[in-house]
Each structure stands twice: as structure tokens, then as C-alpha cells.
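Peer 1: Got a structure for you, entry_25.txt, holding compact mmCIF, all heavy atoms.
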# COMPACT_ATOMS: atom_id res chain seq x y z
N MET A 1 18.15 -12.29 5.63
CA MET A 1 19.05 -11.37 6.27
C MET A 1 20.38 -11.36 5.53
O MET A 1 20.80 -12.35 4.97
CB MET A 1 19.30 -11.75 7.72
CG MET A 1 18.10 -11.80 8.63
SD MET A 1 16.99 -10.47 8.84
CE MET A 1 17.67 -8.99 9.04
N ARG A 2 21.03 -10.24 5.59
CA ARG A 2 22.34 -10.07 4.94
C ARG A 2 23.38 -9.83 6.03
O ARG A 2 23.20 -8.96 6.89
CB ARG A 2 22.26 -8.88 3.99
CG ARG A 2 23.47 -8.66 3.17
CD ARG A 2 23.21 -7.57 2.15
NE ARG A 2 24.47 -7.14 1.59
CZ ARG A 2 24.68 -5.97 1.03
NH1 ARG A 2 23.70 -5.11 0.94
NH2 ARG A 2 25.85 -5.66 0.56
N TYR A 3 24.47 -10.59 5.99
CA TYR A 3 25.51 -10.49 6.99
C TYR A 3 26.81 -10.05 6.35
O TYR A 3 27.15 -10.47 5.24
CB TYR A 3 25.70 -11.82 7.71
CG TYR A 3 24.50 -12.21 8.54
CD1 TYR A 3 23.54 -13.07 8.04
CD2 TYR A 3 24.33 -11.70 9.81
CE1 TYR A 3 22.43 -13.42 8.79
CE2 TYR A 3 23.23 -12.03 10.57
CZ TYR A 3 22.28 -12.89 10.06
OH TYR A 3 21.19 -13.22 10.81
N LEU A 4 27.55 -9.20 7.07
CA LEU A 4 28.83 -8.66 6.61
C LEU A 4 29.88 -8.88 7.68
O LEU A 4 29.55 -8.98 8.86
CB LEU A 4 28.70 -7.17 6.31
CG LEU A 4 27.60 -6.75 5.34
CD1 LEU A 4 27.42 -5.25 5.36
CD2 LEU A 4 27.93 -7.23 3.95
N THR A 5 31.14 -8.90 7.27
CA THR A 5 32.23 -9.03 8.23
C THR A 5 33.41 -8.17 7.81
O THR A 5 33.58 -7.88 6.62
CB THR A 5 32.67 -10.50 8.37
OG1 THR A 5 33.65 -10.59 9.40
CG2 THR A 5 33.24 -11.05 7.09
N ASP A 6 34.18 -7.76 8.80
CA ASP A 6 35.43 -7.05 8.54
C ASP A 6 36.62 -7.94 8.86
O ASP A 6 37.75 -7.49 8.92
CB ASP A 6 35.50 -5.75 9.33
CG ASP A 6 35.43 -5.95 10.83
OD1 ASP A 6 35.31 -7.11 11.29
OD2 ASP A 6 35.48 -4.95 11.57
N GLY A 7 36.36 -9.22 9.08
CA GLY A 7 37.41 -10.17 9.43
C GLY A 7 37.45 -10.45 10.91
O GLY A 7 38.00 -11.46 11.33
N THR A 8 36.88 -9.57 11.72
CA THR A 8 36.87 -9.74 13.17
C THR A 8 35.45 -9.80 13.72
O THR A 8 35.14 -10.66 14.54
CB THR A 8 37.62 -8.57 13.85
OG1 THR A 8 38.92 -8.47 13.30
CG2 THR A 8 37.73 -8.80 15.34
N HIS A 9 34.60 -8.91 13.29
CA HIS A 9 33.24 -8.81 13.78
C HIS A 9 32.24 -9.24 12.72
O HIS A 9 32.49 -9.13 11.52
CB HIS A 9 32.92 -7.37 14.19
CG HIS A 9 33.76 -6.88 15.31
ND1 HIS A 9 34.94 -6.20 15.10
CD2 HIS A 9 33.62 -6.98 16.65
CE1 HIS A 9 35.48 -5.89 16.27
NE2 HIS A 9 34.70 -6.36 17.22
N LEU A 10 31.07 -9.72 13.18
CA LEU A 10 29.99 -10.10 12.30
C LEU A 10 28.88 -9.07 12.44
O LEU A 10 28.46 -8.75 13.56
CB LEU A 10 29.46 -11.49 12.66
CG LEU A 10 28.33 -12.04 11.81
CD1 LEU A 10 28.81 -12.23 10.37
CD2 LEU A 10 27.81 -13.34 12.39
N TYR A 11 28.41 -8.52 11.32
CA TYR A 11 27.39 -7.49 11.31
C TYR A 11 26.18 -7.95 10.52
O TYR A 11 26.31 -8.69 9.54
CB TYR A 11 27.92 -6.20 10.67
CG TYR A 11 29.15 -5.64 11.33
CD1 TYR A 11 30.39 -5.80 10.74
CD2 TYR A 11 29.07 -4.96 12.53
CE1 TYR A 11 31.53 -5.28 11.33
CE2 TYR A 11 30.20 -4.46 13.14
CZ TYR A 11 31.43 -4.62 12.54
OH TYR A 11 32.55 -4.11 13.13
N GLU A 12 25.02 -7.51 10.95
CA GLU A 12 23.77 -7.77 10.24
C GLU A 12 23.28 -6.44 9.66
O GLU A 12 23.30 -5.42 10.34
CB GLU A 12 22.74 -8.31 11.22
CG GLU A 12 21.37 -8.48 10.64
CD GLU A 12 20.36 -8.87 11.70
OE1 GLU A 12 20.66 -8.77 12.90
OE2 GLU A 12 19.27 -9.27 11.30
N VAL A 13 22.85 -6.44 8.41
CA VAL A 13 22.29 -5.23 7.81
C VAL A 13 20.88 -5.06 8.38
O VAL A 13 19.99 -5.87 8.11
CB VAL A 13 22.27 -5.31 6.28
CG1 VAL A 13 21.59 -4.10 5.68
CG2 VAL A 13 23.68 -5.44 5.74
N ALA A 14 20.69 -4.01 9.18
CA ALA A 14 19.41 -3.78 9.83
C ALA A 14 18.47 -2.97 8.95
O ALA A 14 17.27 -3.22 8.93
CB ALA A 14 19.63 -3.07 11.17
N SER A 15 19.01 -2.00 8.20
CA SER A 15 18.16 -1.13 7.40
C SER A 15 19.01 -0.42 6.36
O SER A 15 20.22 -0.28 6.52
CB SER A 15 17.48 -0.11 8.32
OG SER A 15 16.79 0.84 7.59
N GLN A 16 18.35 0.04 5.30
CA GLN A 16 19.00 0.84 4.27
C GLN A 16 18.08 2.00 3.95
O GLN A 16 16.86 1.85 3.96
CB GLN A 16 19.25 0.04 3.00
CG GLN A 16 20.21 -1.09 3.17
CD GLN A 16 20.45 -1.83 1.85
OE1 GLN A 16 19.92 -1.47 0.82
NE2 GLN A 16 21.25 -2.86 1.90
N ARG A 17 18.66 3.17 3.66
CA ARG A 17 17.84 4.31 3.26
C ARG A 17 18.59 5.14 2.24
O ARG A 17 19.82 5.17 2.21
CB ARG A 17 17.41 5.15 4.45
CG ARG A 17 18.54 5.90 5.10
CD ARG A 17 18.06 6.78 6.21
NE ARG A 17 19.18 7.67 6.56
CZ ARG A 17 19.18 8.50 7.52
NH1 ARG A 17 18.13 8.60 8.29
NH2 ARG A 17 20.22 9.26 7.75
N THR A 18 17.85 5.81 1.40
CA THR A 18 18.40 6.66 0.36
C THR A 18 17.86 8.06 0.55
O THR A 18 16.65 8.25 0.72
CB THR A 18 18.02 6.13 -1.03
OG1 THR A 18 18.47 4.78 -1.14
CG2 THR A 18 18.66 6.94 -2.12
N VAL A 19 18.75 9.05 0.52
CA VAL A 19 18.38 10.45 0.71
C VAL A 19 18.78 11.23 -0.53
O VAL A 19 19.88 11.06 -1.05
CB VAL A 19 19.10 11.04 1.95
CG1 VAL A 19 18.74 12.48 2.16
CG2 VAL A 19 18.79 10.22 3.19
N GLU A 20 17.89 12.08 -1.02
CA GLU A 20 18.19 12.89 -2.19
C GLU A 20 18.99 14.11 -1.77
O GLU A 20 18.64 14.80 -0.81
CB GLU A 20 16.90 13.34 -2.87
CG GLU A 20 17.13 14.05 -4.17
CD GLU A 20 15.83 14.37 -4.90
OE1 GLU A 20 14.79 13.86 -4.49
OE2 GLU A 20 15.90 15.14 -5.85
N ASN A 21 20.09 14.37 -2.49
CA ASN A 21 20.95 15.50 -2.22
C ASN A 21 20.48 16.68 -3.09
O ASN A 21 20.42 16.58 -4.30
CB ASN A 21 22.40 15.14 -2.56
CG ASN A 21 23.37 16.24 -2.24
OD1 ASN A 21 23.00 17.27 -1.69
ND2 ASN A 21 24.62 16.05 -2.59
N PHE A 22 20.13 17.78 -2.46
CA PHE A 22 19.62 18.94 -3.19
C PHE A 22 20.72 19.96 -3.49
O PHE A 22 20.44 21.11 -3.73
CB PHE A 22 18.49 19.61 -2.39
CG PHE A 22 17.26 18.77 -2.32
CD1 PHE A 22 16.94 18.10 -1.16
CD2 PHE A 22 16.44 18.64 -3.42
CE1 PHE A 22 15.80 17.31 -1.09
CE2 PHE A 22 15.31 17.86 -3.36
CZ PHE A 22 14.98 17.19 -2.19
N GLY A 23 21.96 19.53 -3.53
CA GLY A 23 23.09 20.40 -3.84
C GLY A 23 23.21 20.63 -5.33
O GLY A 23 22.27 20.43 -6.11
N LEU A 24 24.38 21.03 -5.76
CA LEU A 24 24.60 21.35 -7.17
C LEU A 24 24.52 20.12 -8.07
O LEU A 24 24.04 20.21 -9.21
CB LEU A 24 25.95 22.03 -7.35
CG LEU A 24 26.11 23.40 -6.69
CD1 LEU A 24 27.53 23.90 -6.82
CD2 LEU A 24 25.13 24.39 -7.30
N THR A 25 24.97 18.97 -7.60
CA THR A 25 24.98 17.77 -8.44
C THR A 25 23.66 17.01 -8.39
O THR A 25 23.42 16.16 -9.24
CB THR A 25 26.12 16.83 -8.03
OG1 THR A 25 25.93 16.47 -6.66
CG2 THR A 25 27.46 17.50 -8.21
N ARG A 26 22.81 17.26 -7.41
CA ARG A 26 21.49 16.65 -7.27
C ARG A 26 21.54 15.13 -7.34
O ARG A 26 20.77 14.50 -8.03
CB ARG A 26 20.54 17.20 -8.31
CG ARG A 26 20.47 18.69 -8.29
CD ARG A 26 19.15 19.34 -8.39
NE ARG A 26 17.98 18.54 -8.28
CZ ARG A 26 17.06 18.74 -7.35
NH1 ARG A 26 17.24 19.68 -6.45
NH2 ARG A 26 15.98 18.03 -7.33
N GLY A 27 22.44 14.54 -6.59
CA GLY A 27 22.57 13.09 -6.55
C GLY A 27 21.81 12.50 -5.38
O GLY A 27 20.97 13.16 -4.76
N VAL A 28 22.08 11.26 -5.09
CA VAL A 28 21.48 10.58 -3.95
C VAL A 28 22.59 10.06 -3.05
O VAL A 28 23.68 9.73 -3.51
CB VAL A 28 20.55 9.43 -4.37
CG1 VAL A 28 19.33 9.94 -5.09
CG2 VAL A 28 21.26 8.40 -5.20
N ILE A 29 22.30 10.00 -1.78
CA ILE A 29 23.23 9.48 -0.78
C ILE A 29 22.55 8.27 -0.14
O ILE A 29 21.41 8.36 0.29
CB ILE A 29 23.56 10.53 0.29
CG1 ILE A 29 24.18 11.77 -0.37
CG2 ILE A 29 24.51 9.95 1.33
CD1 ILE A 29 24.31 12.94 0.57
N ARG A 30 23.25 7.14 -0.10
CA ARG A 30 22.69 5.92 0.47
C ARG A 30 23.40 5.61 1.78
O ARG A 30 24.63 5.62 1.85
CB ARG A 30 22.86 4.76 -0.50
CG ARG A 30 22.15 3.51 -0.04
CD ARG A 30 22.20 2.48 -1.12
NE ARG A 30 23.56 1.99 -1.27
CZ ARG A 30 23.88 0.71 -1.29
NH1 ARG A 30 22.96 -0.21 -1.18
NH2 ARG A 30 25.13 0.35 -1.42
N TYR A 31 22.61 5.35 2.80
CA TYR A 31 23.13 4.97 4.10
C TYR A 31 22.67 3.55 4.43
O TYR A 31 21.54 3.18 4.12
CB TYR A 31 22.62 5.90 5.20
CG TYR A 31 23.12 7.31 5.09
CD1 TYR A 31 22.33 8.31 4.56
CD2 TYR A 31 24.40 7.65 5.51
CE1 TYR A 31 22.78 9.61 4.45
CE2 TYR A 31 24.86 8.94 5.42
CZ TYR A 31 24.04 9.92 4.88
OH TYR A 31 24.49 11.19 4.77
N VAL A 32 23.55 2.80 5.06
CA VAL A 32 23.23 1.45 5.50
C VAL A 32 23.42 1.41 7.01
O VAL A 32 24.45 1.86 7.52
CB VAL A 32 24.14 0.40 4.81
CG1 VAL A 32 23.83 -0.99 5.31
CG2 VAL A 32 23.99 0.49 3.30
N ILE A 33 22.43 0.90 7.72
CA ILE A 33 22.52 0.76 9.18
C ILE A 33 22.82 -0.70 9.48
O ILE A 33 22.09 -1.59 9.06
CB ILE A 33 21.21 1.20 9.85
CG1 ILE A 33 20.93 2.66 9.50
CG2 ILE A 33 21.28 0.99 11.35
CD1 ILE A 33 19.58 3.15 9.94
N ILE A 34 23.95 -0.92 10.17
CA ILE A 34 24.37 -2.27 10.52
C ILE A 34 24.30 -2.46 12.03
O ILE A 34 24.41 -1.51 12.80
CB ILE A 34 25.78 -2.60 9.98
CG1 ILE A 34 26.82 -1.65 10.56
CG2 ILE A 34 25.80 -2.59 8.48
CD1 ILE A 34 28.25 -2.04 10.22
N ARG A 35 24.13 -3.72 12.43
CA ARG A 35 24.06 -4.08 13.85
C ARG A 35 25.10 -5.16 14.12
O ARG A 35 25.17 -6.15 13.39
CB ARG A 35 22.66 -4.61 14.17
CG ARG A 35 22.50 -5.04 15.62
CD ARG A 35 21.12 -5.61 15.92
NE ARG A 35 20.08 -4.71 15.51
CZ ARG A 35 19.11 -5.02 14.64
NH1 ARG A 35 19.08 -6.19 14.07
NH2 ARG A 35 18.18 -4.15 14.33
N ASP A 36 25.92 -4.95 15.14
CA ASP A 36 26.89 -5.95 15.55
C ASP A 36 26.12 -7.12 16.16
O ASP A 36 25.27 -6.92 17.02
CB ASP A 36 27.85 -5.36 16.57
CG ASP A 36 29.02 -6.27 16.89
OD1 ASP A 36 28.82 -7.50 16.95
OD2 ASP A 36 30.13 -5.76 17.09
N CYS A 37 26.39 -8.33 15.70
CA CYS A 37 25.63 -9.50 16.14
C CYS A 37 25.91 -9.88 17.60
O CYS A 37 25.07 -10.50 18.23
CB CYS A 37 25.93 -10.69 15.23
SG CYS A 37 25.25 -10.49 13.58
N VAL A 38 27.05 -9.49 18.13
CA VAL A 38 27.39 -9.87 19.50
C VAL A 38 26.94 -8.80 20.49
O VAL A 38 26.22 -9.09 21.45
CB VAL A 38 28.90 -10.13 19.64
CG1 VAL A 38 29.28 -10.39 21.08
CG2 VAL A 38 29.32 -11.27 18.75
N SER A 39 27.32 -7.55 20.26
CA SER A 39 27.04 -6.49 21.24
C SER A 39 25.74 -5.75 20.97
O SER A 39 25.33 -4.94 21.79
CB SER A 39 28.19 -5.48 21.25
OG SER A 39 28.23 -4.79 20.02
N GLU A 40 25.09 -6.02 19.82
CA GLU A 40 23.84 -5.35 19.43
C GLU A 40 24.01 -3.85 19.20
O GLU A 40 23.03 -3.12 19.14
CB GLU A 40 22.73 -5.60 20.46
CG GLU A 40 22.33 -7.04 20.62
CD GLU A 40 21.58 -7.60 19.43
OE1 GLU A 40 20.81 -6.85 18.82
OE2 GLU A 40 21.77 -8.78 19.13
N ALA A 41 25.24 -3.36 19.07
CA ALA A 41 25.49 -1.95 18.78
C ALA A 41 25.17 -1.68 17.32
O ALA A 41 25.40 -2.52 16.45
CB ALA A 41 26.95 -1.61 19.07
N THR A 42 24.61 -0.50 17.04
CA THR A 42 24.26 -0.15 15.66
C THR A 42 25.14 1.00 15.19
O THR A 42 25.61 1.81 15.98
CB THR A 42 22.79 0.25 15.53
OG1 THR A 42 22.54 1.37 16.37
CG2 THR A 42 21.87 -0.89 15.90
N ALA A 43 25.33 1.07 13.89
CA ALA A 43 26.12 2.14 13.28
C ALA A 43 25.57 2.42 11.89
O ALA A 43 25.08 1.52 11.21
CB ALA A 43 27.58 1.75 13.19
N THR A 44 25.64 3.68 11.48
CA THR A 44 25.27 4.07 10.13
C THR A 44 26.53 4.23 9.32
O THR A 44 27.44 4.95 9.71
CB THR A 44 24.49 5.40 10.15
OG1 THR A 44 23.36 5.26 11.00
CG2 THR A 44 24.04 5.79 8.77
N ILE A 45 26.60 3.54 8.18
CA ILE A 45 27.77 3.60 7.33
C ILE A 45 27.37 4.04 5.92
O ILE A 45 26.22 3.88 5.52
CB ILE A 45 28.53 2.25 7.29
CG1 ILE A 45 27.64 1.13 6.72
CG2 ILE A 45 29.04 1.88 8.67
CD1 ILE A 45 28.37 -0.17 6.52
N ASP A 46 28.32 4.59 5.19
CA ASP A 46 28.05 5.01 3.81
C ASP A 46 28.65 3.98 2.85
O ASP A 46 29.16 2.93 3.27
CB ASP A 46 28.58 6.41 3.55
CG ASP A 46 30.07 6.55 3.80
OD1 ASP A 46 30.75 5.52 3.97
OD2 ASP A 46 30.56 7.68 3.81
N ASP A 47 28.60 4.26 1.56
CA ASP A 47 29.05 3.31 0.55
C ASP A 47 30.53 2.99 0.65
O ASP A 47 30.95 1.87 0.39
CB ASP A 47 28.75 3.83 -0.85
CG ASP A 47 27.27 3.74 -1.18
OD1 ASP A 47 26.59 2.90 -0.58
OD2 ASP A 47 26.82 4.49 -2.06
N LEU A 48 31.35 3.96 1.01
CA LEU A 48 32.79 3.72 1.11
C LEU A 48 33.11 2.75 2.25
O LEU A 48 33.92 1.83 2.09
CB LEU A 48 33.53 5.05 1.33
CG LEU A 48 35.04 4.99 1.36
CD1 LEU A 48 35.58 4.46 0.03
CD2 LEU A 48 35.62 6.35 1.64
N GLN A 49 32.47 2.93 3.39
CA GLN A 49 32.68 2.02 4.51
C GLN A 49 32.09 0.65 4.22
O GLN A 49 32.62 -0.37 4.65
CB GLN A 49 32.08 2.60 5.78
CG GLN A 49 32.78 3.86 6.24
CD GLN A 49 31.98 4.60 7.30
OE1 GLN A 49 30.77 4.60 7.28
NE2 GLN A 49 32.68 5.23 8.22
N LEU A 50 30.98 0.63 3.49
CA LEU A 50 30.34 -0.64 3.11
C LEU A 50 31.26 -1.45 2.19
O LEU A 50 31.31 -2.67 2.28
CB LEU A 50 29.00 -0.37 2.45
CG LEU A 50 28.17 -1.58 2.05
CD1 LEU A 50 27.78 -2.38 3.29
CD2 LEU A 50 26.95 -1.15 1.29
N ALA A 51 32.00 -0.77 1.32
CA ALA A 51 32.90 -1.46 0.40
C ALA A 51 34.05 -2.14 1.14
O ALA A 51 34.64 -3.10 0.61
CB ALA A 51 33.44 -0.46 -0.61
N ALA A 52 34.38 -1.69 2.34
CA ALA A 52 35.47 -2.28 3.12
C ALA A 52 35.04 -3.60 3.78
O ALA A 52 35.89 -4.37 4.23
CB ALA A 52 35.97 -1.30 4.17
N LEU A 53 33.74 -3.87 3.84
CA LEU A 53 33.23 -5.08 4.46
C LEU A 53 32.98 -6.14 3.39
O LEU A 53 32.68 -5.81 2.25
CB LEU A 53 31.93 -4.80 5.22
CG LEU A 53 32.02 -3.77 6.33
CD1 LEU A 53 30.63 -3.48 6.89
CD2 LEU A 53 32.94 -4.25 7.43
N SER A 54 33.10 -7.40 3.76
CA SER A 54 32.81 -8.47 2.82
C SER A 54 31.57 -9.23 3.27
O SER A 54 31.28 -9.35 4.47
CB SER A 54 34.00 -9.42 2.71
OG SER A 54 34.32 -9.97 3.96
N GLU A 55 30.82 -9.73 2.29
CA GLU A 55 29.56 -10.42 2.58
C GLU A 55 29.83 -11.85 2.99
O GLU A 55 30.66 -12.55 2.41
CB GLU A 55 28.67 -10.38 1.35
CG GLU A 55 27.27 -10.84 1.62
CD GLU A 55 26.31 -10.53 0.50
OE1 GLU A 55 26.73 -9.91 -0.48
OE2 GLU A 55 25.15 -10.91 0.63
N VAL A 56 29.09 -12.32 4.01
CA VAL A 56 29.19 -13.69 4.50
C VAL A 56 28.11 -14.50 3.81
O VAL A 56 26.95 -14.12 3.80
CB VAL A 56 28.99 -13.76 6.03
CG1 VAL A 56 29.02 -15.19 6.51
CG2 VAL A 56 30.05 -12.92 6.72
N ARG A 57 28.49 -15.62 3.22
CA ARG A 57 27.51 -16.47 2.52
C ARG A 57 27.35 -17.79 3.21
O ARG A 57 28.18 -18.33 3.79
CB ARG A 57 27.96 -16.70 1.09
CG ARG A 57 27.97 -15.40 0.35
CD ARG A 57 28.30 -15.65 -1.12
NE ARG A 57 28.41 -14.38 -1.78
CZ ARG A 57 27.50 -13.92 -2.64
NH1 ARG A 57 26.47 -14.64 -2.92
NH2 ARG A 57 27.65 -12.76 -3.20
Output the file's structure as C-alpha cells, nothing else.
Peer 2:
Amino acid sequence: MRYLTDGTHLYEVASQRTVENFGLTRGVIRYVIIRDCVSEATATIDDLQLAALSEVR
């Protein structure tokens, strides 16, 4: 399991998915689904929000 934190909350990476973008640039968009370890709430975040979190080792 992979765990992340924002300094206050502890999150577990529940799932990751990649979606192909069929726009002009034809890139890919990656989404990460995280779960709060205390409240069990889930959220979908993108790469920018993921970069704001630090990995717990």
C-alpha cells in the first residue's frame, strides 16, 4: 500500500487510472483515487494535487 499525507491527514492510494485525451494534443490524463484513513472518505485527485502531498515511508 502507498500512503500520502498533507501534514494533517493520512491518505491511502486506493486506485489509479489513466484516460486518453482525444483533443488536439492527444495526451493522457492520470487520476489517483485516495481514501482518508480515518473517515474512509474518498476523493479523485489529478497530478497537480498529488504533487502537493508527500509520501509516508
Peer 1: Could you please determine the separation between atom O of Tyr3 (chain A) and CG of Arg35 (chain A) in Å, to one decimal place?
Peer 2: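 Going from atom O of Tyr3 (chain A) over to CG of Arg35 (chain A), I get 12.6 Å.
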Peer 1: How far is it from CA of Val56 (chain A) to CG1 of Val38 (chain A), in Å with one decimal?
Peer 2: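 That distance, rounded to one decimal, is 16.9 Å.
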Peer 1: List every residue of chain A that DSSP, applied to the backbone of this structure, places in helix (DSSP H, G or I), and write the result as JSON, numbers by chain.
Peer 2: {"A": [47, 48, 49, 50, 51]}
Peer 1: From the list A:Arg26, A:Arg17, A:His9, A:Arg57, which residue is nearest Ala41 (chain A) when using only C-alpha atoms?
Peer 2: A:His9
Peer 1: What gap, in Å, lies between CA of Met1 (chain A) and CA of Gly27 (chain A)?
Peer 2: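 Distance reported for this atom pair: 27.8 Å.
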Peer 1: At a cut-off of 12 Å, using only C-alpha atoms, what residues contact Thr42 (chain A)? Leave out same-chain residues fewer than 3 positions from it and give the result as JSON, numbers by chain.
Peer 2: {"A": [10, 11, 12, 13, 14, 15, 32, 33, 34, 35, 36, 37, 38, 39, 45]}
Peer 1: DSSP on the backbone: which residues in chain A end up as strand (DSSP E or B)? Give the answer as a PyMOL selection string.
Peer 2: chain A and resi 3-5+10-20+28-36+42-45+54-56
